[in-house]
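Student: Pasting run32.cif here (mmCIF, C-alpha atoms and all ligand atoms):
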data_work
#
loop_
_atom_site.label_atom_id
_atom_site.label_comp_id
_atom_site.auth_asym_id
_atom_site.auth_seq_id
_atom_site.Cartn_x
_atom_site.Cartn_y
_atom_site.Cartn_z
CA MET A 1206 11.76 -17.40 -26.82
CA VAL A 1207 14.00 -15.41 -29.17
CA ASN A 1208 16.28 -17.01 -31.76
CA ILE A 1209 18.83 -15.38 -34.00
CA LEU A 1210 19.45 -17.26 -37.19
CA SER A 1211 20.89 -16.88 -40.65
CA ASP A 1212 19.12 -18.02 -43.81
CA GLU A 1213 18.43 -17.24 -47.45
CA ALA A 1214 14.98 -16.14 -48.62
CA ILE A 1215 13.12 -15.45 -51.85
CA VAL A 1216 10.34 -12.87 -51.84
CA LEU A 1217 7.17 -14.36 -53.28
CA ARG A 1218 4.74 -11.62 -52.40
CA LYS A 1219 4.79 -8.15 -50.90
CA SER A 1220 1.77 -6.57 -49.29
CA LEU A 1221 1.48 -3.16 -47.73
CA SER A 1222 0.20 -2.99 -44.23
CA GLY A 1223 -1.23 0.31 -43.07
CA ASP A 1224 0.58 3.45 -44.15
CA TYR A 1225 4.13 2.46 -43.31
CA ASP A 1226 4.57 -1.26 -42.78
CA VAL A 1227 5.19 -4.15 -45.16
CA SER A 1228 4.37 -7.81 -44.94
CA LEU A 1229 6.39 -10.23 -47.07
CA THR A 1230 5.63 -13.80 -47.99
CA VAL A 1231 8.98 -15.49 -48.49
CA TYR A 1232 10.32 -18.97 -49.08
CA MET A 1233 13.30 -19.59 -46.83
CA LYS A 1234 15.94 -22.16 -47.57
CA LYS A 1235 15.83 -23.83 -44.15
CA TYR A 1236 12.49 -22.74 -42.74
CA GLY A 1237 10.19 -22.86 -45.77
CA LYS A 1238 7.30 -20.51 -46.40
CA GLU A 1239 7.03 -17.71 -43.84
CA ASN A 1240 5.64 -14.24 -43.39
CA ILE A 1241 7.98 -11.46 -42.42
CA TYR A 1242 6.68 -8.24 -40.98
CA ILE A 1243 8.75 -5.12 -41.58
CA LYS A 1244 7.84 -2.15 -39.47
CA ASN A 1245 8.23 1.10 -41.45
CA GLY A 1246 9.14 -1.03 -44.47
CA GLN A 1247 7.39 1.36 -46.88
CA LYS A 1248 9.54 4.30 -45.84
CA LEU A 1249 12.42 5.21 -48.11
CA LYS A 1250 14.78 5.24 -45.18
CA SER A 1251 13.98 1.60 -44.37
CA PRO A 1252 17.26 -0.33 -44.58
CA PHE A 1253 15.39 -3.22 -46.20
CA ILE A 1254 13.47 -1.33 -48.87
CA TYR A 1255 15.69 -2.58 -51.72
CA ALA A 1256 15.09 -6.21 -50.78
CA THR A 1257 11.32 -6.30 -50.46
CA GLU A 1258 10.19 -6.49 -54.09
CA PRO A 1259 8.86 -9.83 -55.39
CA PHE A 1260 11.50 -12.16 -56.88
CA THR A 1261 14.29 -10.73 -54.75
CA TRP A 1262 16.74 -13.21 -53.26
CA PHE A 1263 18.47 -12.24 -50.04
CA LYS A 1264 20.66 -13.65 -47.32
CA ALA A 1265 19.98 -12.24 -43.89
CA VAL A 1266 20.17 -12.56 -40.16
CA PHE A 1267 16.69 -13.08 -38.78
CA ILE A 1268 15.19 -12.80 -35.37
CA ARG A 1269 12.53 -15.35 -34.55
CA ARG A 1270 10.23 -14.33 -31.76
CA LYS A 1271 7.15 -16.37 -30.85
CA GLU A 1272 7.37 -18.25 -34.19
CA LYS A 1273 7.43 -14.95 -36.11
CA PHE A 1274 10.33 -13.88 -38.30
CA PHE A 1275 11.84 -10.39 -38.43
CA ILE A 1276 14.85 -9.21 -40.40
CA ARG A 1277 17.78 -8.01 -38.35
CA GLU A 1278 20.31 -7.45 -41.09
CA ILE A 1279 20.50 -8.17 -44.81
CA GLU A 1280 23.96 -9.39 -45.78
CA LYS A 1281 23.47 -9.73 -49.51
CA SER A 1282 20.62 -9.37 -51.96
CA VAL A 1283 19.89 -9.68 -55.66
CA SER A 1284 16.77 -8.01 -57.02
CA LEU A 1285 15.87 -10.14 -60.01
CA GLY A 1286 12.44 -8.54 -60.02
CA ILE A 1287 13.71 -5.40 -61.71
CA GLN A 1288 15.18 -7.33 -64.62
CA ILE A 1289 12.15 -9.59 -64.86
CA ALA A 1290 9.63 -6.75 -64.68
CA SER A 1291 11.18 -4.92 -67.61
CA ASP A 1292 9.76 -7.56 -69.94
CA ILE A 1293 6.03 -8.37 -69.67
CA PRO A 1294 6.15 -12.04 -70.85
CA ARG A 1295 8.96 -12.73 -68.36
CA PHE A 1296 7.02 -10.99 -65.61
CA THR A 1297 3.91 -13.08 -66.34
CA THR A 1298 6.05 -16.24 -66.36
CA ALA A 1299 7.57 -15.32 -62.99
CA TYR A 1300 4.09 -14.90 -61.52
CA SER A 1301 2.91 -18.17 -63.00
CA ILE A 1302 5.80 -20.10 -61.45
CA THR A 1303 5.41 -18.47 -58.04
CA ASP A 1304 1.69 -19.20 -58.24
CA LEU A 1305 2.40 -22.91 -58.83
CA PHE A 1306 4.87 -22.78 -56.04
CA ASN A 1307 2.34 -21.19 -53.67
CA ARG A 1308 -0.17 -23.90 -54.47
CA TYR A 1309 1.98 -27.01 -54.32
CA VAL A 1310 4.94 -26.34 -52.07
CA ILE A 1311 4.04 -26.45 -48.42
CA PHE A 1312 7.01 -27.85 -46.57
CA PRO A 1313 10.55 -26.53 -46.26
CA ASP A 1314 12.74 -28.22 -48.87
CA GLU A 1315 16.21 -26.94 -49.70
CA LYS A 1316 16.18 -28.57 -53.14
CA ILE A 1317 12.99 -26.76 -54.06
CA PHE A 1318 14.45 -23.52 -52.72
CA VAL A 1319 17.40 -23.99 -55.07
CA LEU A 1320 15.00 -24.76 -57.94
CA VAL A 1321 13.15 -21.47 -57.45
CA LYS A 1322 16.35 -19.49 -57.00
CA LYS A 1323 17.90 -20.94 -60.16
CA SER A 1324 14.66 -20.57 -62.11
CA LEU A 1325 14.36 -16.85 -61.33
CA TYR A 1326 18.00 -16.34 -62.25
CA TYR A 1327 17.69 -18.15 -65.56
CA LEU A 1328 14.38 -16.42 -66.27
CA THR A 1329 16.29 -13.17 -66.70
CA ARG A 1330 18.34 -14.67 -69.51
CA THR A 1331 16.44 -17.48 -71.23
CA SER A 1332 15.35 -16.99 -74.84
CA SER A 1333 12.61 -19.60 -74.73
CA LEU A 1334 9.91 -18.97 -72.14
CA ASP A 1335 7.76 -21.98 -73.01
CA VAL A 1336 10.66 -24.40 -72.54
CA PHE A 1337 11.54 -22.54 -69.34
CA THR A 1338 8.03 -22.93 -67.87
CA ALA A 1339 7.71 -26.60 -68.84
CA ASN A 1340 11.13 -27.21 -67.27
CA PHE A 1341 10.13 -25.52 -64.01
CA ILE A 1342 7.04 -27.69 -63.61
CA ALA A 1343 8.91 -30.83 -64.69
CA LYS A 1344 11.61 -30.21 -62.06
CA LEU A 1345 8.96 -29.51 -59.41
CA VAL A 1346 7.32 -32.85 -60.27
CA LEU A 1347 10.72 -34.57 -60.23
CA LEU A 1348 11.70 -33.14 -56.84
CA SER A 1349 8.30 -34.10 -55.44
CA GLY A 1350 9.20 -37.70 -56.29
CA ILE A 1351 6.24 -38.28 -58.59
CA PHE A 1352 7.80 -38.08 -62.06
CA PRO A 1353 5.85 -40.30 -64.48
CA GLU A 1354 7.34 -43.56 -65.71
CA LEU A 1355 8.30 -43.02 -69.36
CA ASP A 1356 10.34 -46.05 -70.34
CA ARG A 1357 8.21 -49.04 -69.34
CA CYS A 1358 4.53 -49.79 -69.55
CA VAL A 1359 2.99 -49.23 -66.11
CA ARG A 1360 0.68 -52.23 -66.65
CA CYS A 1361 2.89 -54.97 -68.10
CA GLY A 1362 6.42 -53.64 -67.63
CA SER A 1363 7.54 -54.01 -71.24
CA PRO A 1364 9.69 -51.28 -72.82
CA VAL A 1365 7.68 -48.52 -74.51
CA ASN A 1366 8.88 -46.59 -77.54
CA ARG A 1367 7.27 -44.39 -80.18
CA LYS A 1368 5.97 -47.46 -82.07
CA ASN A 1369 4.16 -49.31 -79.29
CA PHE A 1370 3.18 -46.26 -77.21
CA LYS A 1371 -0.55 -45.98 -76.63
CA ILE A 1372 -1.31 -43.50 -73.85
CA ILE A 1373 0.25 -41.72 -70.92
CA SER A 1374 -1.96 -42.38 -67.93
CA MET A 1375 -2.17 -39.74 -65.19
CA GLN A 1376 -3.89 -42.07 -62.72
CA GLU A 1377 -1.28 -44.80 -63.17
CA GLY A 1378 1.61 -42.36 -63.45
CA GLY A 1379 3.20 -43.38 -66.72
CA VAL A 1380 3.10 -44.76 -70.23
CA VAL A 1381 0.94 -47.69 -71.32
CA CYS A 1382 1.79 -49.89 -74.32
CA SER A 1383 -0.51 -50.70 -77.23
CA ARG A 1384 -1.02 -54.28 -75.99
CA CYS A 1385 -2.45 -53.04 -72.68
CA SER A 1386 -4.75 -50.23 -73.78
CA ARG A 1387 -7.23 -49.59 -76.57
CA GLN A 1388 -7.90 -46.05 -75.38
CA LYS A 1389 -7.50 -43.12 -77.74
CA PRO A 1390 -4.44 -41.11 -76.74
CA TYR A 1391 -5.10 -37.61 -75.43
CA TYR A 1392 -1.41 -36.73 -75.19
CA GLY A 1393 0.79 -38.02 -77.99
CA TYR A 1394 4.29 -39.45 -77.89
CA GLY A 1395 5.63 -35.90 -78.38
CA VAL A 1396 4.80 -35.21 -74.75
CA VAL A 1397 6.67 -38.36 -73.67
CA SER A 1398 9.79 -37.40 -75.59
CA ASP A 1399 9.58 -33.83 -74.24
CA LEU A 1400 9.32 -35.17 -70.69
CA LYS A 1401 12.36 -37.38 -71.29
CA LYS A 1402 14.38 -34.31 -72.25
CA LEU A 1403 13.10 -32.24 -69.32
CA ARG A 1404 13.88 -35.05 -66.88
CA VAL A 1405 17.61 -34.62 -67.46
CA VAL A 1406 18.28 -31.16 -68.92
CA SER A 1407 20.18 -28.71 -66.77
CA PHE A 1408 19.24 -25.03 -66.56
CA ARG A 1409 22.41 -24.09 -68.41
CA ASP A 1410 21.38 -26.17 -71.43
CA LEU A 1411 17.72 -25.12 -71.49
CA ASP A 1412 18.07 -22.88 -74.52
CA ARG A 1413 19.73 -25.70 -76.43
CA ILE A 1414 16.87 -28.18 -76.33
CA LYS A 1415 13.85 -28.19 -78.60
CA LEU A 1416 10.52 -29.53 -77.40
CA SER A 1417 8.19 -31.04 -79.95
CA SER A 1418 4.99 -29.88 -78.23
CA PRO A 1419 5.80 -27.47 -75.39
CA SER A 1420 2.22 -26.32 -74.76
CA SER A 1421 0.81 -29.88 -74.55
CA THR A 1422 3.72 -30.88 -72.34
CA GLU A 1423 3.08 -27.93 -70.05
CA SER A 1424 -0.63 -28.68 -69.84
CA PHE A 1425 0.09 -32.36 -69.14
CA LEU A 1426 2.44 -31.37 -66.30
CA ARG A 1427 -0.05 -28.90 -64.81
CA ASP A 1428 -2.86 -31.49 -64.85
CA TYR A 1429 -0.51 -34.10 -63.47
CA LEU A 1430 0.56 -31.88 -60.55
CA GLU A 1431 -3.04 -31.03 -59.78
CA ARG A 1432 -4.07 -34.69 -59.65
CA SER A 1433 -1.10 -35.70 -57.54
CA PHE A 1434 -1.64 -33.26 -54.71
ZN ZN A 1501 1.76 -52.99 -71.47
#
Would you mind writing the file out in structure tokens?
Ligand SMILES: [Zn+2]
Tutor:
Amino acid sequence: MVNILSDEAIVLRKSLSGDYDVSLTVYMKKYGKENIYIKNGQKLKSPFIYATEPFTWFKAVFIRRKEKFFIREIEKSVSLGIQIASDIPRFTTAYSITDLFNRYVIFPDEKIFVLVKKSLYYLTRTSSLDVFTANFIAKLVLLSGIFPELDRCVRCGSPVNRKNFKIISMQEGGVVCSRCSRQKPYYGYGVVSDLKKLRVVSFRDLDRIKLSSPSSTESFLRDYLERSF
């Protein structure tokens, strides 16, 4: 059965196959993670050569044959990879977000597609890479529907603020007040206030927010994702 369909895709990984061919791992807006095989894709005369580098976004007409995707025609493409690769910290950040994505995103999800597309675009222009990375993971957690409860104690339900905050519990998925826990906090209230900002900030305003402890917030979010999946 052969289908012709139109979709957007983001190149996550490119691998060479033999002397001439290319295999791409992409995330497609409607179809999710797929492999695309491009015969003669390494040759300079390949019509798709400009769209096969990692972090390229493209819109194309695809042919699906026996559950395999092939490109028929690329209508539009933006190679963010070139801009990202010119700066090593940005390049490393791009790999770290696609790595997270490879580990935790399995199903097709248009909202997550848009998150990755926007993230790569803003990665070329952000001035604060640590806020950028924390924001990416926070939005991934948010879209996965598992964002921690930050306003009320997960044990007794009473409002939690800086004064009565005790811990943020990964197992219970949120903050615990000082009446409910005697445990020593591993993550301080700084992480909670950072998460509150990341919960609502838009990409456009990312460079305008200040996080009080971006590296702790990032490590909290990474641990939290790992435990939730
Ligand atoms: Zn409580």
Student: Enumerate as a list in words the residues within 10 Å of ligand ZN 1501 (chain A), counting only C-alpha atoms and all ligand atoms.
Tutor: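 Using only C-alpha atoms and all ligand atoms, everything at most 10 Å from ligand ZN 1501 (chain A) comes to Arg1357, Cys1358, Val1359, Arg1360, Cys1361, Gly1362, Ser1363, Pro1364, Val1365, Asn1369, Phe1370, Lys1371, Val1380, Val1381, Cys1382, Ser1383, Arg1384, Cys1385 and Ser1386 of chain A.
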Student: Take the residues from that selection and put them in a file with C-alpha atoms, as a CSV table (one decimal), in the frame of the given file.
Tutor:
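And here's out.csv as it stands now:
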chain,number,residue,atom,x,y,z
A,1357,ARG,CA,8.2,-49.0,-69.3
A,1358,CYS,CA,4.5,-49.8,-69.6
A,1359,VAL,CA,3.0,-49.2,-66.1
A,1360,ARG,CA,0.7,-52.2,-66.6
A,1361,CYS,CA,2.9,-55.0,-68.1
A,1362,GLY,CA,6.4,-53.6,-67.6
A,1363,SER,CA,7.5,-54.0,-71.2
A,1364,PRO,CA,9.7,-51.3,-72.8
A,1365,VAL,CA,7.7,-48.5,-74.5
A,1369,ASN,CA,4.2,-49.3,-79.3
A,1370,PHE,CA,3.2,-46.3,-77.2
A,1371,LYS,CA,-0.6,-46.0,-76.6
A,1380,VAL,CA,3.1,-44.8,-70.2
A,1381,VAL,CA,0.9,-47.7,-71.3
A,1382,CYS,CA,1.8,-49.9,-74.3
A,1383,SER,CA,-0.5,-50.7,-77.2
A,1384,ARG,CA,-1.0,-54.3,-76.0
A,1385,CYS,CA,-2.4,-53.0,-72.7
A,1386,SER,CA,-4.8,-50.2,-73.8
Student: Please measure the separation of CA of Leu1355 in chain A and CA of Leu1403 in chain A, giving the value in Å to one decimal.
Tutor: 11.8 Å
Student: Of the residues A:Phe1275, A:Tyr1391, A:Phe1341, A:Tyr1326, which is the one nearest to Phe1253 in chain A, using all atoms listed in the file?
Tutor: A:Phe1275
Student: So how far away is CA of Lys1219 in chain A from CA of Leu1348 in chain A, in Å?
Tutor: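 CA of Lys1219 in chain A lies at a distance of 26.6 Å from CA of Leu1348 in chain A.
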Student: Using all atoms listed in the file, find the one residue out of A:Val1397, A:Leu1320, A:Ile1241, A:Ile1351 that sits nearest to Ile1372 in chain A.
Tutor: A:Val1397
Student: Smallest atom-to-atom distance to Leu1345 in chain A: which of A:Arg1409, A:Arg1427, A:Lys1389, A:Lys1271, using all atoms listed in the file?
Tutor: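 Between A:Arg1409, A:Arg1427, A:Lys1389, A:Lys1271, the residue approaching Leu1345 in chain A most closely is A:Arg1427.
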Student: With 4 Å on each side, where is the centre of the axis-aligned box around all listed atoms of range 1246-1250 of chain A, and how long are its edges in Å to one decimal, as lines of an AutoDock Vina configuration file?
Tutor:
center_x = 11.1
center_y = 2.1
center_z = -46.3
size_x = 15.4
size_y = 14.3
size_z = 11.6
Student: One number please: CA of Ala1343 in chain A to CA of Leu1400 in chain A, in Å, one decimal.
Tutor: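 For CA of Ala1343 in chain A relative to CA of Leu1400 in chain A, the distance reads 7.4 Å.
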Student: Excluding same-chain residues fewer than 3 positions from Ile1311 in chain A, what lies within 12 Å of it counting all atoms listed in the file, as a VMD selection string?
Tutor: chain A and resid 1232 to 1233 1236 to 1239 1305 to 1308 1314 1317 to 1318 1349 1434
Student: Give me the residues within 8 Å of Gln1247 in chain A as a PDB file with C-alpha atoms, in the coordinates of the input, counting all atoms listed in the file and dropping any in the same chain fewer than 4 places off.
Tutor:
ATOM      1  CA  LEU A1221       1.480  -3.160 -47.730  1.00  0.00           C
ATOM      2  CA  ASP A1224       0.580   3.450 -44.150  1.00  0.00           C
ATOM      3  CA  TYR A1225       4.130   2.460 -43.310  1.00  0.00           C
ATOM      4  CA  ASP A1226       4.570  -1.260 -42.780  1.00  0.00           C
ATOM      5  CA  VAL A1227       5.190  -4.150 -45.160  1.00  0.00           C
ATOM      6  CA  SER A1251      13.980   1.600 -44.370  1.00  0.00           C
ATOM      7  CA  ILE A1254      13.470  -1.330 -48.870  1.00  0.00           C
TER       8      ILE A1254
END
Student: With only C-alpha atoms as the atoms that count, which of A:Gly1395, A:Pro1419, A:Gly1378, A:Pro1313 lies nearest to Lys1234 in chain A?
Tutor: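 Closest candidate: A:Pro1313.
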Student: Counting all atoms listed in the file, which of A:Ala1256, A:Leu1430, A:Ala1339, A:Leu1285 gets nearest to Lys1415 in chain A?
Tutor: A:Ala1339
Student: Rank nothing, just name the residue among A:Glu1278, A:Asp1304, A:Glu1354, A:Glu1423 nearest to Ser1374 in chain A, using all atoms listed in the file.
Tutor: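 Among the listed residues, A:Glu1354 lies closest to Ser1374 in chain A.
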Student: Mind checking which residues fall within 8 Å of Leu1217 in chain A, counting all atoms listed in the file, ignoring those fewer than 4 positions away in the same chain, and posting them as a list in words?
Tutor: Leu1229, Thr1230, Val1231, Tyr1232, Pro1259, Phe1260 and Thr1303 of chain A
Student: Can we get range 1322-1433 of chain A of that structure written down with C-alpha atoms, as a tab-separated table (two decimals), in the first residue's frame?
Tutor:
chain	number	residue	atom	x	y	z
A	1322	LYS	CA	10.69	23.43	16.53
A	1323	LYS	CA	10.39	26.58	18.65
A	1324	SER	CA	13.24	25.51	20.92
A	1325	LEU	CA	15.67	25.05	18.03
A	1326	TYR	CA	14.63	28.39	16.58
A	1327	TYR	CA	15.09	30.24	19.86
A	1328	LEU	CA	18.34	28.40	20.52
A	1329	THR	CA	19.90	30.35	17.66
A	1330	ARG	CA	19.14	33.63	19.39
A	1331	THR	CA	18.93	33.17	23.16
A	1332	SER	CA	21.56	34.81	25.34
A	1333	SER	CA	21.04	32.51	28.30
A	1334	LEU	CA	21.62	28.83	27.59
A	1335	ASP	CA	20.99	27.59	31.13
A	1336	VAL	CA	17.55	29.24	31.26
A	1337	PHE	CA	16.89	27.89	27.77
A	1338	THR	CA	17.70	24.28	28.76
A	1339	ALA	CA	15.70	24.42	32.00
A	1340	ASN	CA	12.78	25.85	30.03
A	1341	PHE	CA	12.92	23.06	27.44
A	1342	ILE	CA	12.75	20.34	30.10
A	1343	ALA	CA	10.08	22.20	32.06
A	1344	LYS	CA	7.88	22.49	28.95
A	1345	LEU	CA	8.45	18.81	28.13
A	1346	VAL	CA	7.31	17.92	31.67
A	1347	LEU	CA	4.34	20.28	31.34
A	1348	LEU	CA	3.23	18.84	27.99
A	1349	SER	CA	3.61	15.32	29.37
A	1350	GLY	CA	0.98	16.27	31.95
A	1351	ILE	CA	3.18	15.58	34.97
A	1352	PHE	CA	4.20	19.07	36.10
A	1353	PRO	CA	4.76	19.08	39.89
A	1354	GLU	CA	2.27	20.76	42.20
A	1355	LEU	CA	3.93	23.96	43.45
A	1356	ASP	CA	1.20	25.89	45.22
A	1357	ARG	CA	-0.34	23.42	47.68
A	1358	CYS	CA	1.10	20.78	49.94
A	1359	VAL	CA	0.63	17.38	48.28
A	1360	ARG	CA	-0.07	15.81	51.70
A	1361	CYS	CA	-2.46	18.21	53.45
A	1362	GLY	CA	-3.54	20.60	50.70
A	1363	SER	CA	-2.63	23.82	52.51
A	1364	PRO	CA	-1.01	26.67	50.55
A	1365	VAL	CA	2.79	26.53	50.48
A	1366	ASN	CA	5.01	29.59	50.32
A	1367	ARG	CA	8.67	30.33	51.00
A	1368	LYS	CA	8.05	30.39	54.78
A	1369	ASN	CA	6.31	27.06	55.29
A	1370	PHE	CA	7.99	25.18	52.42
A	1371	LYS	CA	9.81	22.05	53.55
A	1372	ILE	CA	10.63	19.81	50.58
A	1373	ILE	CA	9.70	19.14	46.99
A	1374	SER	CA	8.91	15.46	46.73
A	1375	MET	CA	9.58	13.67	43.44
A	1376	GLN	CA	7.61	10.57	44.42
A	1377	GLU	CA	4.55	12.59	45.42
A	1378	GLY	CA	4.96	15.10	42.60
A	1379	GLY	CA	4.99	18.39	44.46
A	1380	VAL	CA	5.75	20.56	47.46
A	1381	VAL	CA	5.28	19.47	51.06
A	1382	CYS	CA	4.72	21.93	53.92
A	1383	SER	CA	6.70	22.12	57.15
A	1384	ARG	CA	3.81	20.64	59.16
A	1385	CYS	CA	3.83	17.47	57.06
A	1386	SER	CA	7.54	16.72	56.74
A	1387	ARG	CA	10.60	16.79	58.97
A	1388	GLN	CA	12.90	15.77	56.13
A	1389	LYS	CA	15.91	17.87	55.25
A	1390	PRO	CA	15.32	19.62	51.93
A	1391	TYR	CA	17.52	18.52	49.05
A	1392	TYR	CA	16.16	21.15	46.68
A	1393	GLY	CA	15.46	24.56	48.18
A	1394	TYR	CA	12.61	26.97	47.58
A	1395	GLY	CA	14.71	28.56	44.80
A	1396	VAL	CA	13.88	25.56	42.62
A	1397	VAL	CA	10.16	25.98	43.38
A	1398	SER	CA	10.18	29.65	42.43
A	1399	ASP	CA	12.19	28.86	39.27
A	1400	LEU	CA	9.66	26.19	38.30
A	1401	LYS	CA	6.81	28.68	38.84
A	1402	LYS	CA	8.44	31.04	36.35
A	1403	LEU	CA	9.17	28.29	33.82
A	1404	ARG	CA	5.59	27.02	34.05
A	1405	VAL	CA	4.27	30.21	32.43
A	1406	VAL	CA	7.11	31.94	30.56
A	1407	SER	CA	6.86	32.10	26.79
A	1408	PHE	CA	9.87	31.54	24.53
A	1409	ARG	CA	9.82	35.19	23.52
A	1410	ASP	CA	10.31	36.29	27.14
A	1411	LEU	CA	12.94	33.70	28.05
A	1412	ASP	CA	15.82	36.16	28.06
A	1413	ARG	CA	13.88	38.46	30.37
A	1414	ILE	CA	13.52	36.08	33.30
A	1415	LYS	CA	16.14	35.36	35.93
A	1416	LEU	CA	16.30	32.00	37.65
A	1417	SER	CA	17.63	31.87	41.17
A	1418	SER	CA	19.26	28.44	40.80
A	1419	PRO	CA	19.20	27.32	37.16
A	1420	SER	CA	21.54	24.34	37.58
A	1421	SER	CA	19.62	22.88	40.56
A	1422	THR	CA	16.36	23.49	38.72
A	1423	GLU	CA	17.69	21.70	35.65
A	1424	SER	CA	18.94	18.76	37.70
A	1425	PHE	CA	15.61	18.55	39.54
A	1426	LEU	CA	13.75	18.46	36.20
A	1427	ARG	CA	16.07	15.81	34.74
A	1428	ASP	CA	15.66	13.57	37.81
A	1429	TYR	CA	11.94	14.18	37.81
A	1430	LEU	CA	11.58	13.19	34.14
A	1431	GLU	CA	13.65	10.07	34.69
A	1432	ARG	CA	11.50	8.95	37.62
A	1433	SER	CA	8.25	9.65	35.82
